[in-house]
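With compact mmCIF, C-alpha atoms inside, this is work-v4.txt:
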# COMPACT_ATOMS: atom_id res chain seq x y z
CA MET A 1 70.27 111.22 121.44
CA ARG A 2 68.02 108.73 123.24
CA ARG A 3 69.32 107.35 126.53
CA LEU A 4 66.79 104.85 127.87
CA HIS A 5 69.07 102.79 130.08
CA ALA A 6 71.62 103.87 132.65
CA CYS A 7 75.27 103.00 132.03
CA LEU A 8 77.49 101.20 134.49
CA SER A 9 78.66 103.16 137.47
CA ALA A 10 82.19 104.51 137.32
CA ALA A 11 83.36 102.07 140.00
CA ALA A 12 81.91 99.08 138.21
CA ALA A 13 83.36 100.33 134.93
CA VAL A 14 86.88 100.58 136.32
CA THR A 15 86.56 97.07 137.75
CA LEU A 16 85.44 95.71 134.40
CA ALA A 17 88.13 97.61 132.53
CA ALA A 18 90.82 96.29 134.85
CA ALA A 19 89.69 92.79 134.01
CA GLY A 20 90.87 93.40 130.47
CA THR A 21 94.49 92.70 131.38
CA THR A 22 93.55 89.18 132.37
CA ALA A 23 91.27 88.83 129.39
CA LEU A 24 94.08 89.44 126.93
CA LEU A 25 96.06 86.64 128.54
CA ALA A 26 93.32 84.06 128.09
CA ALA A 27 92.82 81.97 124.97
CA ASP A 28 89.68 82.62 122.96
CA ALA A 29 87.39 79.95 121.55
CA SER A 30 89.51 79.62 118.40
CA GLY A 31 92.57 78.72 120.47
CA ALA A 32 94.37 81.94 119.53
CA THR A 33 96.58 83.32 122.31
CA PRO A 34 98.64 86.52 122.57
CA GLN A 35 101.74 84.84 121.10
CA ASP A 36 99.70 84.45 117.90
CA ALA A 37 99.17 88.20 117.64
CA LEU A 38 100.45 89.89 114.53
CA SER A 39 103.01 92.66 114.47
CA ASN A 40 101.58 96.15 114.90
CA ARG A 41 102.40 96.85 111.26
CA TRP A 42 99.61 94.48 110.23
CA TYR A 43 97.07 96.17 112.52
CA ALA A 44 98.24 99.50 111.04
CA ALA A 45 97.57 98.14 107.53
CA ALA A 46 94.19 96.55 108.24
CA PRO A 47 91.47 97.79 105.81
CA TYR A 48 87.92 98.28 107.04
CA LEU A 49 85.36 95.52 106.54
CA MET A 50 81.69 95.58 107.56
CA PRO A 51 81.04 92.01 108.73
CA LEU A 52 77.23 92.23 108.83
CA ASP A 53 76.31 94.80 106.16
CA ASN A 54 77.14 95.84 102.58
CA ASP A 55 77.39 92.31 101.17
CA PRO A 56 80.36 91.21 103.31
CA PRO A 57 83.13 89.55 101.28
CA ASN A 58 84.72 86.29 102.35
CA PRO A 59 87.87 87.30 104.29
CA ALA A 60 89.47 83.89 103.69
CA ALA A 61 89.24 84.47 99.93
CA ILE A 62 90.82 87.92 100.30
CA MET A 63 93.66 86.44 102.38
CA ASP A 64 94.32 83.78 99.74
CA ALA A 65 94.26 86.25 96.85
CA THR A 66 96.32 89.06 98.40
CA GLY A 67 98.29 87.84 101.40
CA LEU A 68 96.35 90.20 103.68
CA LYS A 69 96.42 89.14 107.33
CA ALA A 70 94.50 91.82 109.24
CA PHE A 71 91.00 93.29 109.01
CA GLN A 72 89.42 96.37 110.64
CA LEU A 73 85.87 95.29 111.51
CA ALA A 74 83.30 98.12 111.68
CA PHE A 75 81.39 99.55 113.54
CA VAL A 76 80.59 99.15 117.25
CA LEU A 77 77.88 101.58 118.40
CA ALA A 78 75.47 102.16 121.26
CA PRO A 79 72.10 100.39 120.90
CA ASN A 80 69.64 102.24 118.67
CA GLY A 81 67.09 102.03 121.48
CA GLY A 82 69.45 103.62 124.01
CA GLY A 83 71.85 102.31 126.63
CA CYS A 84 75.54 101.88 127.32
CA SER A 85 76.24 98.43 125.90
CA PRO A 86 78.16 97.63 122.69
CA THR A 87 76.39 96.53 119.53
CA TRP A 88 77.30 96.01 115.90
CA GLY A 89 75.75 98.87 113.95
CA GLY A 90 73.35 99.74 116.77
CA THR A 91 71.28 96.57 116.28
CA ALA A 92 73.28 93.39 117.05
CA PRO A 93 74.45 93.09 120.68
CA VAL A 94 78.09 92.10 121.03
CA SER A 95 77.21 90.00 124.09
CA SER A 96 75.15 87.50 122.05
CA ASP A 97 77.05 87.73 118.77
CA THR A 98 78.08 84.55 116.98
CA ALA A 99 78.27 85.76 113.35
CA VAL A 100 81.19 88.19 113.76
CA LYS A 101 82.91 85.77 116.15
CA SER A 102 82.73 83.07 113.48
CA MET A 103 84.36 85.39 110.94
CA ILE A 104 87.12 86.26 113.40
CA ASP A 105 87.75 82.58 114.11
CA THR A 106 88.07 81.92 110.38
CA ILE A 107 90.58 84.76 109.98
CA ARG A 108 92.63 83.62 112.98
CA GLY A 109 92.49 80.03 111.79
CA LYS A 110 94.34 81.17 108.67
CA GLY A 111 97.02 83.01 110.65
CA GLY A 112 95.40 86.46 110.57
CA ASP A 113 93.77 88.74 113.12
CA VAL A 114 91.37 91.67 113.46
CA SER A 115 91.03 95.10 114.97
CA VAL A 116 87.57 96.44 115.82
CA SER A 117 86.52 99.99 114.96
CA ILE A 118 84.10 101.93 117.10
CA GLY A 119 82.14 104.96 115.97
CA GLY A 120 82.04 105.89 112.30
CA TYR A 121 79.64 108.29 110.59
CA GLY A 122 76.07 108.40 111.90
CA GLY A 123 74.38 106.41 114.62
CA THR A 124 74.72 106.87 118.38
CA LYS A 125 78.21 106.31 119.77
CA LEU A 126 78.94 104.90 123.20
CA GLY A 127 80.75 108.12 124.12
CA GLN A 128 77.41 109.88 123.67
CA ALA A 129 75.32 107.29 125.49
CA CYS A 130 77.54 106.39 128.45
CA ALA A 131 77.77 108.55 131.56
CA ASP A 132 81.53 109.06 131.70
CA ALA A 133 84.89 107.80 130.43
CA ALA A 134 84.98 104.86 132.85
CA SER A 135 81.59 103.46 131.81
CA THR A 136 82.46 104.07 128.15
CA ALA A 137 85.69 102.11 128.64
CA ALA A 138 83.80 99.31 130.38
CA ALA A 139 81.50 98.96 127.36
CA TYR A 140 84.49 98.75 125.01
CA GLN A 141 86.24 96.32 127.36
CA GLN A 142 83.36 93.93 126.74
CA VAL A 143 84.29 93.97 123.04
CA ILE A 144 87.99 93.46 123.75
CA THR A 145 87.27 90.58 126.10
CA LYS A 146 84.64 88.94 123.86
CA TYR A 147 86.96 88.82 120.85
CA ASN A 148 90.34 88.74 122.64
CA LEU A 149 91.41 91.85 120.75
CA ARG A 150 94.96 93.13 120.37
CA ALA A 151 93.92 96.27 118.46
CA ILE A 152 91.08 98.81 118.48
CA ASP A 153 90.24 101.89 116.41
CA PHE A 154 88.37 104.97 117.64
CA ASP A 155 86.68 106.46 114.56
CA LEU A 156 85.69 109.90 115.84
CA GLU A 157 83.76 111.88 113.26
CA GLU A 158 80.38 113.47 112.58
CA PRO A 159 78.20 113.95 114.42
CA GLU A 160 79.92 112.76 117.61
CA TYR A 161 83.09 114.79 117.32
CA GLU A 162 81.01 117.96 117.56
CA ASN A 163 79.98 116.86 121.08
CA THR A 164 82.64 117.96 123.57
CA ALA A 165 81.43 115.70 126.38
CA ALA A 166 81.28 112.66 124.10
CA ILE A 167 84.82 113.21 122.82
CA LYS A 168 86.04 113.59 126.39
CA ASN A 169 84.44 110.20 127.16
CA GLU A 170 85.96 108.56 124.07
CA ILE A 171 89.49 109.85 124.65
CA GLY A 172 89.25 109.00 128.34
CA ALA A 173 88.03 105.51 127.48
CA ALA A 174 90.86 105.03 125.00
CA LYS A 175 93.37 105.96 127.68
CA ILE A 176 91.82 103.54 130.19
CA LEU A 177 91.83 100.69 127.66
CA GLN A 178 95.43 101.42 126.74
CA GLN A 179 96.43 101.26 130.40
CA ASN A 180 94.42 98.14 131.27
CA ASN A 181 95.30 96.10 128.18
CA PRO A 182 99.10 96.11 127.86
CA GLY A 183 100.26 96.00 124.25
CA LEU A 184 96.86 97.02 122.85
CA TYR A 185 97.30 98.81 119.50
CA VAL A 186 95.13 101.94 119.53
CA SER A 187 94.38 104.14 116.51
CA VAL A 188 92.26 107.29 116.46
CA THR A 189 90.68 108.21 113.12
CA THR A 190 89.03 111.52 112.29
CA ALA A 191 87.96 113.69 109.36
CA GLY A 192 90.52 115.18 106.98
CA THR A 193 90.55 118.59 105.32
CA ALA A 194 92.93 120.32 102.94
CA ASP A 195 94.53 121.90 106.03
CA GLY A 196 94.96 118.49 107.66
CA THR A 197 91.89 118.37 109.87
CA GLY A 198 89.18 120.83 110.81
CA TRP A 199 88.28 122.65 114.01
CA PHE A 200 86.63 119.66 115.65
CA GLY A 201 89.56 117.42 114.77
CA LYS A 202 91.93 119.92 116.35
CA GLN A 203 89.75 120.08 119.47
CA MET A 204 89.93 116.28 119.69
CA LEU A 205 93.75 116.46 119.57
CA LEU A 206 93.74 119.09 122.31
CA GLU A 207 91.51 116.84 124.43
CA ALA A 208 94.00 114.00 123.99
CA LYS A 209 96.83 116.33 125.00
CA SER A 210 94.95 117.53 128.09
CA GLN A 211 94.38 113.94 129.21
CA GLY A 212 97.98 112.91 128.52
CA PHE A 213 96.83 110.31 125.98
CA THR A 214 99.00 109.24 123.05
CA PRO A 215 97.68 106.45 120.81
CA ASN A 216 99.78 104.55 118.31
CA ASN A 217 98.51 107.01 115.71
CA PHE A 218 96.09 109.76 114.83
CA SER A 219 94.76 109.11 111.32
CA ILE A 220 92.90 111.45 109.00
CA MET A 221 90.46 110.62 106.20
CA PRO A 222 91.37 112.93 103.29
CA PHE A 223 88.26 112.43 101.18
CA ASP A 224 84.74 113.94 100.97
CA GLY A 225 86.23 117.39 101.41
CA GLY A 226 87.01 118.69 97.94
CA PHE A 227 89.99 116.42 97.37
CA ASN A 228 91.23 115.64 93.88
CA GLY A 229 93.54 112.64 93.71
CA ALA A 230 96.70 111.73 95.56
CA ALA A 231 98.45 115.11 95.41
CA SER A 232 95.70 116.75 97.46
CA GLN A 233 95.81 113.88 99.95
CA THR A 234 99.57 113.98 100.50
CA ALA A 235 99.36 117.77 100.92
CA ALA A 236 96.73 117.24 103.65
CA LEU A 237 98.96 114.66 105.34
CA THR A 238 101.86 117.15 105.32
CA ASN A 239 99.61 119.80 106.88
CA PHE A 240 98.31 117.36 109.47
CA ASN A 241 101.89 116.55 110.41
CA SER A 242 102.41 120.23 111.21
CA ILE A 243 99.27 120.19 113.38
CA LEU A 244 100.58 117.19 115.33
CA GLN A 245 103.92 118.95 115.81
CA SER A 246 102.37 122.15 117.12
CA THR A 247 99.82 120.36 119.33
CA PHE A 248 102.12 117.88 121.03
CA GLY A 249 105.51 119.54 120.68
CA TRP A 250 106.84 116.76 118.48
CA ASP A 251 109.44 117.08 115.74
CA ALA A 252 108.39 116.09 112.20
CA ALA A 253 109.74 112.53 112.46
CA THR A 254 107.95 111.86 115.75
CA ALA A 255 104.73 113.29 114.32
CA TYR A 256 104.95 111.07 111.23
CA ALA A 257 105.56 108.07 113.51
CA HIS A 258 102.18 108.86 115.12
CA GLU A 259 100.32 109.74 111.90
CA GLY A 260 98.02 107.64 109.74
CA PHE A 261 96.10 107.73 106.46
CA SER A 262 92.61 106.34 105.97
CA GLY A 263 91.46 106.61 102.35
CA MET A 264 88.38 105.69 100.35
CA ASN A 265 88.89 103.43 97.36
CA GLY A 266 87.27 104.36 94.08
CA ARG A 267 84.42 106.85 94.12
CA SER A 268 83.95 108.76 97.37
CA ASP A 269 80.63 109.84 98.88
CA THR A 270 80.95 113.25 97.20
CA GLY A 271 82.02 111.90 93.80
CA GLU A 272 85.80 112.23 94.14
CA ILE A 273 87.73 109.47 92.38
CA PHE A 274 90.73 107.71 93.93
CA SER A 275 92.29 105.17 91.60
CA GLN A 276 94.88 102.46 92.14
CA SER A 277 97.61 104.89 91.05
CA ASP A 278 96.44 107.39 93.69
CA PHE A 279 96.74 104.69 96.33
CA GLN A 280 100.26 103.87 95.17
CA THR A 281 101.29 107.53 95.39
CA VAL A 282 99.94 107.89 98.94
CA LEU A 283 101.51 104.56 99.90
CA ASP A 284 104.89 105.81 98.68
CA TYR A 285 104.43 108.99 100.72
CA ALA A 286 103.43 107.04 103.84
CA THR A 287 106.34 104.62 103.66
CA SER A 288 108.96 107.25 102.77
CA HIS A 289 107.86 109.41 105.72
CA HIS A 290 107.69 106.38 108.05
CA MET A 291 104.03 106.95 108.86
CA ASP A 292 102.40 104.55 111.31
CA ARG A 293 99.19 103.62 109.48
CA PHE A 294 97.75 103.13 105.99
CA THR A 295 94.17 101.88 105.67
CA PHE A 296 91.03 102.44 103.60
CA TRP A 297 87.24 102.22 103.48
CA SER A 298 86.47 99.51 102.55
CA LEU A 299 86.98 95.88 101.55
CA ASN A 300 83.23 95.62 100.95
CA ARG A 301 83.85 98.12 98.12
CA ASP A 302 87.07 96.53 96.79
CA ARG A 303 85.48 95.01 93.67
CA GLN A 304 84.19 96.34 90.38
CA CYS A 305 80.54 97.34 90.08
CA SER A 306 78.22 95.54 87.73
CA PRO A 307 76.44 97.80 85.22
CA ALA A 308 73.31 97.58 87.36
CA ASP A 309 75.15 98.60 90.54
CA ASN A 310 77.21 101.47 89.18
CA GLY A 311 74.95 104.13 87.71
CA GLY A 312 77.29 106.96 88.67
CA LEU A 313 76.53 106.49 92.37
CA THR A 314 78.82 105.72 95.26
CA SER A 315 78.16 102.19 96.44
CA GLY A 316 78.83 100.38 99.69
CA THR A 317 79.47 97.13 97.82
CA CYS A 318 81.75 98.17 94.92
CA SER A 319 84.24 100.89 94.02
CA SER A 320 82.67 102.41 90.86
CA VAL A 321 86.10 102.37 89.16
CA PRO A 322 87.60 99.74 86.82
CA GLN A 323 89.43 97.13 88.91
CA SER A 324 90.02 93.50 89.68
CA ASP A 325 88.76 92.11 92.97
CA TRP A 326 90.91 93.20 95.94
CA ASP A 327 93.17 95.56 93.96
CA PHE A 328 93.15 98.08 96.78
CA ALA A 329 93.77 95.50 99.51
CA LYS A 330 97.15 94.80 97.91
CA TYR A 331 98.35 98.29 98.86
CA SER A 332 97.63 97.46 102.50
CA VAL A 333 99.67 94.28 102.12
CA LYS A 334 102.56 96.31 100.68
CA PHE A 335 102.37 98.75 103.60
CA ALA A 336 102.74 95.80 105.96
CA GLY A 337 105.99 94.99 104.16
CA VAL A 338 104.81 91.95 102.23
CA THR A 339 104.73 91.37 98.47
CA PRO A 340 101.23 90.34 97.35
CA PRO A 341 101.14 86.97 95.57
CA THR A 342 100.95 86.75 91.80
CA GLY A 343 99.01 84.18 89.84
CA THR A 344 95.99 82.27 91.03
CA PRO A 345 96.19 81.11 94.64
CA THR A 346 95.02 77.66 95.70
CA PRO A 347 91.58 78.18 97.22
CA THR A 348 91.18 77.39 100.89
CA PRO A 349 88.10 75.30 101.64
CA THR A 350 85.76 77.55 103.58
CA PRO A 351 82.02 77.56 104.05
CA THR A 352 80.27 79.27 101.17
CA PRO A 353 78.61 82.42 102.54
CA THR A 354 74.90 82.74 102.04
CA PRO A 355 74.35 85.18 99.16
CA THR A 356 72.80 88.49 100.10
CA PRO A 357 69.23 88.58 98.78
CA THR A 358 68.82 90.85 95.80
CA SER A 359 65.05 91.23 96.02
CA CYS A 360 63.74 94.72 96.60
CA LYS A 361 62.61 95.79 100.06
CA PRO A 362 59.25 97.53 100.51
CA ALA A 363 59.07 100.77 98.55
CA TRP A 364 60.04 103.98 100.33
CA ASN A 365 57.07 106.14 101.37
CA ALA A 366 57.44 109.87 102.06
CA THR A 367 54.83 109.81 104.84
CA THR A 368 56.26 106.86 106.76
CA ALA A 369 58.57 107.45 109.74
CA TYR A 370 61.53 105.09 109.61
CA THR A 371 63.81 104.15 112.51
CA GLY A 372 67.49 103.26 112.28
CA GLY A 373 67.94 99.89 110.58
CA SER A 374 64.72 100.10 108.54
CA GLU A 375 65.14 98.94 104.94
CA VAL A 376 63.33 100.23 101.85
CA SER A 377 63.74 100.24 98.09
CA TYR A 378 63.97 103.32 95.89
CA GLY A 379 65.34 103.85 92.39
CA ALA A 380 66.01 100.09 91.95
CA HIS A 381 68.32 100.10 94.98
CA ASN A 382 67.79 98.90 98.53
CA TRP A 383 68.49 101.43 101.30
CA LYS A 384 68.95 101.14 105.08
CA ALA A 385 68.11 103.98 107.48
CA LYS A 386 71.06 105.15 109.60
CA TRP A 387 68.75 106.89 112.06
CA TRP A 388 65.13 108.10 112.41
CA THR A 389 63.93 109.79 109.24
CA GLN A 390 60.77 110.87 107.45
CA ASN A 391 60.24 112.42 104.01
CA GLU A 392 63.98 112.37 103.14
CA VAL A 393 64.49 110.80 99.72
CA PRO A 394 67.04 107.94 99.68
CA GLY A 395 70.17 109.01 97.83
CA ALA A 396 69.22 112.69 97.69
CA SER A 397 72.21 113.58 99.86
CA THR A 398 75.47 111.69 100.35
CA TRP A 399 75.37 112.75 104.02
CA GLY A 400 71.70 111.89 104.42
CA PRO A 401 70.01 109.26 106.58
CA TRP A 402 70.03 106.48 103.97
CA GLN A 403 72.82 103.95 103.30
CA ASP A 404 72.85 102.46 99.79
CA GLU A 405 72.83 98.65 99.98
CA GLY A 406 73.12 98.11 96.23
CA ALA A 407 70.87 97.31 93.30
CA CYS A 408 67.80 95.14 93.70
Starting from the coordinates I provided, produce the structure as structure tokens.
Amino acid sequence: MRRLHACLSAAAAVTLAAAGTTALLAADASGATPQDALSNRWYAAAPYLMPLDNDPPNPAAIMDATGLKAFQLAFVLAPNGGGCSPTWGGTAPVSSDTAVKSMIDTIRGKGGDVSVSIGGYGGTKLGQACADAASTAAAYQQVITKYNLRAIDFDLEEPEYENTAAIKNEIGAAKILQQNNPGLYVSVTTAGTADGTGWFGKQMLLEAKSQGFTPNNFSIMPFDGGFNGAASQTAALTNFNSILQSTFGWDAATAYAHEGFSGMNGRSDTGEIFSQSDFQTVLDYATSHHMDRFTFWSLNRDRQCSPADNGGLTSGTCSSVPQSDWDFAKYSVKFAGVTPPTGTPTPTPTPTPTPTPTSCKPAWNATTAYTGGSEVSYGAHNWKAKWWTQNEVPGASTWGPWQDEGAC
């Protein structure tokens, strides 16, 4: 991966990370202070939401309709052009951000809160770009301080989790942040397989063990791996529990208390279907086994597709299954121990978000080289490049370089 700028020195990184303890004690611009923080159960239930991409929904409307109080904002990455500073999606520097901060202020103004997720699939992660664990932690501390965070999620998956040095940096950074920000809720999310997690996931757990790091939970994503409904997911969670036991020497109850589920609502990237009833079955499993976390990808997708958007494709802006808006968010609310409201809630006056343009971007061209963030149209859909690409047809592969942004 490109590294055009040097990261902070280890000494400077430790100094910055240590400043996080003070940062968590200071009020942010919205007036929220640590006594306003939610219980950890809410951070454990927070579904993912992309605040700048995939037609972001209005979080205030979701809160009114479902009772949801916490959101997992995604994803913080290294800059696409290189360097060891945090950005949203590789393009929007955290240091100068106002858009995400405004969303967070709205959520906190309604009595809610957020966690921020770093990593995800694709793009360059800070663990890859930064020189060591200390400088990686210093970059993440900027995010914690900027948004006065009480929770953070390390989403360690392809291609980063195949990089031993990067995973060592990420786990080391997580440990530093946990130490320097007392009370910080830390989750670690990785790929799921029928056996629980694969070889790279197991290596990540061994790295955590070697560093003496224990987060609030290790979560797996049991989708995109040949899964077929809830039964296959709960079987994977049972197998992952055994992996946690054997890795850390825990009994089953302790392992479940450090285990999490991260699902995908509706149609997955590989065409698997997870319905509302599947979510209920996994929720029952998670609560009966006293698991620590239940979340899903994503709120941007928690709405029914229009005929133009569906087309048998997985979408970043709808679920591709029959549903009412925010059906899947209600399972997160239940996991937090709250009964979702019934009936029509009284709308809260909030600024009307600017609609996402539906016009088509310039047509994709096989001979053009596209960099991460470039947008094109193909097959009556808009697409955004995740990384540098040329002559790779948008939508040809679910794991390819193009992210579907919906019909145009």
Counting all atoms listed in the file, the option among A:Gln142, A:Ser359, A:Gln280, A:Asn40 closest to A:Tyr331:
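The closest residue to A:Tyr331 is A:Gln280.
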Edge lengths and centre in Å to one decimal, as AutoDock Vina command-line options, of the axis-aligned box that encloses all listed atoms of stretch 225-239 of chain A with 4 Å added on every side?
--center_x 94.0 --center_y 115.8 --center_z 100.3 --size_x 23.6 --size_y 16.1 --size_z 21.2
Give me the residues near A:Ala380 as a VMD selection string, where near means some atom within 10 Å (using all atoms listed in the file) and where sequence neighbours in that chain fewer than 5 positions away do not count.
chain A and resid 308 to 309 359 to 361 363 406 to 408
Determine the nearest neighbour of A:Trp42 from the options A:Pro215, A:Gly123, A:Gly67, A:Pro362, counting only C-alpha atoms.
A:Gly67
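As for atom CA of A:Ala44 and atom CA of A:Asn217, they are spaced 8.8 Å apart.
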